[in-house]
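Enquirer: I have a structure I would like to understand better, so I am pasting it below and will then ask my questions one at a time.
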Amino acid sequence: MTDGHLAPAALMDLSGKIALVTGATRGIGAACARQLALAGAHVLLNCRQEDEAALALLAEIRQDGGAAELLRFDVASSAEINSAFEQLREQHGRLDILVNNAGKRSDGLALRMSDSQWDEVMQVNLDGVFYCCRSALSLMRQQGGSIVNIASVAAFAGSAGQVNYSAAKAGVVGLTRSLALEYGGKNIRVNCVIPGIIETAMTEGVKDELKQQWIGQIPLKRLGQPAEIASVVHFLCSPAASYISGAMLHVNGGGYLC
């Protein structure tokens with residue numbers, strides 16, 4: 001909590017905080033991890049495997065003077081999450097920040113969508129968010145904390161061919177609001193960032209013609225960058241946002257006005 005008289009730099013300072021970012025090694029997750037580390041947090045980088053991308057990000061953050069380590073678990077597995085959070089508890093004793101960023105897509109029209117396509121997307125995008133929040137709450141309820149869930153504009157506008165993804169992200173919105181109501185009394189703030197179309201690996205294979213159509217519908221006339229989502233996540237995790245909870249923060253260049 002802030003009394004409104006902190007210096008501007010202090011309002012964004014995360015020194016001494018323990019932060020966990022799921023799906024941390026690429027795209028928005030990697031940008032969030034970099035930003036939180038630059039702000040002073042000790043960042044746990046969630047990954048399924050210690051692959052080249054995970055090790056490269058870890059080395060980059062440390063080279064820039066930040067503190068980070070890898071924490072392996074599959075967000076779709078309740079058992080793996082429970083084990084990882086127990087490890088976190090033993091090593092650090094607390095968790096101050098959780099960013100639920102890990103995501104998965106498996107697109108297709110509803111009539112042709114298989115059970116496995118539906119289940120896999122739900123498990124990663126919604127079940128995993130709940131599992132991580134549940135474990136984080138037990139670590140945060142003594143000293144408070146900040147949870148930021150990454151949803152999608154598809155939760156509000158829908159997306160043809162992504163009924164599973166849209167439904168899962170809409171679930172994240174409802175989950176965020178309910179947790180904010182349940183745990184505000186424990187000084188745990190729970191917020192949601194709603195990205196629009198962001199330039200990540202998910203958009204690399206999209207044809208230029210379609211990208212131009214997207215850009216034509218965005219008032220700022222460009223796609224977003226992962227760092228622009230990370231800066232909003234940083235704000236929500238910081239003392240500057242100490243009275244913000246249950247918020248849905250849209251970051252889409254004006255492409256969707258709620």
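Residue numbering restarts at 1 for every chain of the structure tokens, chains are lettered A, B, ... in their displayed order, and ligands are numbered from 1 as they appear.
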Segment 61-73 of chain A: which residues within 12 Å, counting only C-alpha atoms, same-chain residues fewer than 3 positions away excluded, as a PDB file with C-alpha atoms, in the first residue's frame?
Expert:
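As a result, out_37.pdb now contains:
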```
ATOM      1  CA  LEU A  14       9.882  -4.162  -7.114  1.00  0.00           C
ATOM      2  CA  SER A  15      13.123  -4.708  -5.205  1.00  0.00           C
ATOM      3  CA  GLY A  16      12.933  -7.628  -2.808  1.00  0.00           C
ATOM      4  CA  LYS A  17       9.834  -9.096  -4.465  1.00  0.00           C
ATOM      5  CA  ILE A  18       9.591 -12.707  -5.600  1.00  0.00           C
ATOM      6  CA  ALA A  19       7.765 -12.971  -8.941  1.00  0.00           C
ATOM      7  CA  LEU A  20       6.673 -15.968 -10.995  1.00  0.00           C
ATOM      8  CA  VAL A  21       5.831 -15.661 -14.695  1.00  0.00           C
ATOM      9  CA  THR A  22       4.271 -18.663 -16.418  1.00  0.00           C
ATOM     10  CA  GLY A  23       5.111 -19.321 -20.051  1.00  0.00           C
ATOM     11  CA  ALA A  24       8.033 -16.992 -19.443  1.00  0.00           C
ATOM     12  CA  THR A  25      10.492 -17.883 -22.167  1.00  0.00           C
ATOM     13  CA  ALA A  30       9.624 -13.152 -21.787  1.00  0.00           C
ATOM     14  CA  ALA A  31       8.924  -9.418 -22.006  1.00  0.00           C
ATOM     15  CA  CYS A  32       7.180  -9.517 -18.626  1.00  0.00           C
ATOM     16  CA  ALA A  33      10.059 -11.426 -17.060  1.00  0.00           C
ATOM     17  CA  ARG A  34      12.595  -8.902 -18.376  1.00  0.00           C
ATOM     18  CA  GLN A  35      10.540  -5.948 -17.173  1.00  0.00           C
ATOM     19  CA  LEU A  36       9.966  -7.311 -13.665  1.00  0.00           C
ATOM     20  CA  ALA A  37      13.645  -8.197 -13.321  1.00  0.00           C
ATOM     21  CA  LEU A  38      14.689  -4.703 -14.426  1.00  0.00           C
ATOM     22  CA  ALA A  39      12.368  -3.322 -11.734  1.00  0.00           C
ATOM     23  CA  GLY A  40      14.251  -5.315  -9.107  1.00  0.00           C
ATOM     24  CA  ALA A  41      12.178  -8.462  -8.646  1.00  0.00           C
ATOM     25  CA  HIS A  42      13.695 -11.931  -8.363  1.00  0.00           C
ATOM     26  CA  VAL A  43      11.912 -13.619 -11.259  1.00  0.00           C
ATOM     27  CA  LEU A  44      11.068 -17.307 -11.499  1.00  0.00           C
ATOM     28  CA  LEU A  45      10.839 -18.223 -15.169  1.00  0.00           C
ATOM     29  CA  ASN A  46       8.327 -20.993 -15.706  1.00  0.00           C
ATOM     30  CA  CYS A  47       9.025 -23.345 -18.596  1.00  0.00           C
ATOM     31  CA  ARG A  48       8.123 -26.921 -19.470  1.00  0.00           C
ATOM     32  CA  GLN A  49      11.696 -27.710 -20.505  1.00  0.00           C
ATOM     33  CA  GLU A  50      15.063 -26.043 -20.018  1.00  0.00           C
ATOM     34  CA  ASP A  51      15.366 -25.448 -23.748  1.00  0.00           C
ATOM     35  CA  ALA A  53      15.000 -20.139 -25.298  1.00  0.00           C
ATOM     36  CA  ALA A  54      14.690 -20.609 -21.528  1.00  0.00           C
ATOM     37  CA  LEU A  55      18.437 -20.710 -20.966  1.00  0.00           C
ATOM     38  CA  ALA A  56      19.009 -17.716 -23.252  1.00  0.00           C
ATOM     39  CA  LEU A  57      16.470 -15.587 -21.387  1.00  0.00           C
ATOM     40  CA  LEU A  58      17.917 -16.609 -18.032  1.00  0.00           C
ATOM     41  CA  ALA A  76      -1.854 -28.028 -17.368  1.00  0.00           C
ATOM     42  CA  SER A  77      -0.825 -30.349 -14.517  1.00  0.00           C
ATOM     43  CA  SER A  78      -2.168 -29.677 -11.038  1.00  0.00           C
ATOM     44  CA  ALA A  79       0.330 -32.152  -9.579  1.00  0.00           C
ATOM     45  CA  GLU A  80       3.328 -30.487 -11.227  1.00  0.00           C
ATOM     46  CA  ILE A  81       2.143 -27.053 -10.099  1.00  0.00           C
ATOM     47  CA  ASN A  82       1.699 -28.234  -6.502  1.00  0.00           C
ATOM     48  CA  SER A  83       5.209 -29.687  -6.528  1.00  0.00           C
ATOM     49  CA  ALA A  84       6.754 -26.559  -8.060  1.00  0.00           C
ATOM     50  CA  PHE A  85       5.068 -24.242  -5.575  1.00  0.00           C
ATOM     51  CA  GLU A  86       6.247 -26.413  -2.709  1.00  0.00           C
ATOM     52  CA  GLN A  87       9.763 -26.048  -4.079  1.00  0.00           C
ATOM     53  CA  LEU A  88       9.202 -22.297  -4.301  1.00  0.00           C
ATOM     54  CA  GLN A  91      13.558 -21.970  -1.372  1.00  0.00           C
ATOM     55  CA  HIS A  92      12.018 -18.506  -1.013  1.00  0.00           C
ATOM     56  CA  ALA A 102       1.122 -19.326 -20.422  1.00  0.00           C
ATOM     57  CA  VAL A 124      -3.562 -24.585 -20.378  1.00  0.00           C
ATOM     58  CA  GLY A 128      -3.709 -23.823 -15.355  1.00  0.00           C
ATOM     59  CA  TYR A 131      -4.243 -24.093 -10.357  1.00  0.00           C
ATOM     60  CA  CYS A 132      -1.480 -21.465 -10.223  1.00  0.00           C
TER      61      CYS A 132
END
```
Enquirer: Mind listing the strand (DSSP E or B) residues of segment 43-140 of chain A, per DSSP on the backbone, as a PyMOL selection string?
Expert: chain A and resi 43-47+67-72+97-100+108
Enquirer: Print the selection's residues with N, CA and C atoms to a file, as a compact mmCIF listing (two decimals), in the first residue's frame.
Expert:
```
# COMPACT_ATOMS: atom_id res chain seq x y z
N VAL A 43 12.93 -13.06 -10.38
CA VAL A 43 11.91 -13.62 -11.26
C VAL A 43 12.13 -15.12 -11.47
N LEU A 44 11.08 -15.88 -11.21
CA LEU A 44 11.07 -17.31 -11.50
C LEU A 44 10.46 -17.49 -12.88
N LEU A 45 11.25 -18.06 -13.78
CA LEU A 45 10.84 -18.22 -15.17
C LEU A 45 10.26 -19.61 -15.36
N ASN A 46 8.95 -19.69 -15.50
CA ASN A 46 8.33 -20.99 -15.71
C ASN A 46 8.54 -21.46 -17.14
N CYS A 47 8.90 -22.73 -17.29
CA CYS A 47 9.03 -23.34 -18.60
C CYS A 47 8.74 -24.83 -18.44
N ALA A 67 17.95 -10.70 -11.32
CA ALA A 67 17.97 -11.98 -10.60
C ALA A 67 16.85 -12.86 -11.16
N ALA A 68 17.22 -14.06 -11.56
CA ALA A 68 16.21 -14.96 -12.15
C ALA A 68 16.66 -16.40 -12.00
N GLU A 69 15.70 -17.30 -12.08
CA GLU A 69 15.97 -18.74 -12.10
C GLU A 69 14.84 -19.42 -12.84
N LEU A 70 15.09 -20.63 -13.30
CA LEU A 70 14.07 -21.39 -14.00
C LEU A 70 13.26 -22.21 -13.00
N LEU A 71 11.97 -22.35 -13.29
CA LEU A 71 11.09 -23.21 -12.48
C LEU A 71 10.27 -24.03 -13.45
N ARG A 72 10.60 -25.31 -13.56
CA ARG A 72 9.96 -26.17 -14.55
C ARG A 72 8.66 -26.76 -14.02
N ILE A 97 4.36 -11.88 -6.44
CA ILE A 97 3.79 -11.56 -7.75
C ILE A 97 3.62 -12.84 -8.56
N LEU A 98 2.45 -13.01 -9.14
CA LEU A 98 2.21 -14.10 -10.08
C LEU A 98 1.64 -13.51 -11.37
N VAL A 99 2.28 -13.82 -12.48
CA VAL A 99 1.78 -13.42 -13.80
C VAL A 99 1.42 -14.70 -14.55
N ASN A 100 0.13 -14.91 -14.75
CA ASN A 100 -0.35 -16.08 -15.48
C ASN A 100 -0.42 -15.74 -16.97
N GLY A 108 -9.92 -24.09 -34.92
CA GLY A 108 -10.79 -24.84 -35.80
C GLY A 108 -12.24 -24.41 -35.60
```
Enquirer: Tell me which of A:Glu52, A:Asp115, A:Glu60, A:Glu120 sits closest to Val75 of chain A, counting only C-alpha atoms.
Expert: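 Of the candidates, the smallest distance to Val75 of chain A is held by A:Glu120.
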Enquirer: For segment 194-209 of chain A, please output as a list in words all residues within 7 Å (counting only C-alpha atoms; exclusion window: fewer than 2 positions along the same chain).
Expert: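 Near segment 194-209 of chain A, the qualifying residues are Gly27, Ile150, Ala151, Ser152, Val153, Cys192, Lys211, Gln212, Gln213, Leu223, Gly224, Gln225, Pro226, Ile229, Met248, Leu249, His250, Val251 and Asn252 of chain A.
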Enquirer: Report, in Å with one decimal, the straight-line distance from atom CA of Leu137 of chain A to atom CA of Asn191 of chain A.
Expert: 13.9 Å
Enquirer: Can you tell me, as a list of chain:residue names, what residues are no more than 8 Å from Ser245 of chain A when counting only C-alpha atoms, ignoring any on the same chain fewer than 5 positions away?
Expert: A:Ala180, A:Gly184, A:Arg189, A:Val190, A:Asn191
Enquirer: Based on the backbone DSSP call, show me all residues of segment 9-166 of chain A assigned helix (DSSP H, G or I), as a ChimeraX atom specification.
Expert: /A:9-11,27-38,52-63,78-92,110-112,115-140,154-157,163-166
Enquirer: Determine the nearest neighbour of Leu109 of chain A from the options A:Val148, A:Ser231, A:Tyr165, A:Phe130, counting only C-alpha atoms.
Expert: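 Looking only at the distances to Leu109 of chain A, the closest residue turns out to be A:Tyr165.
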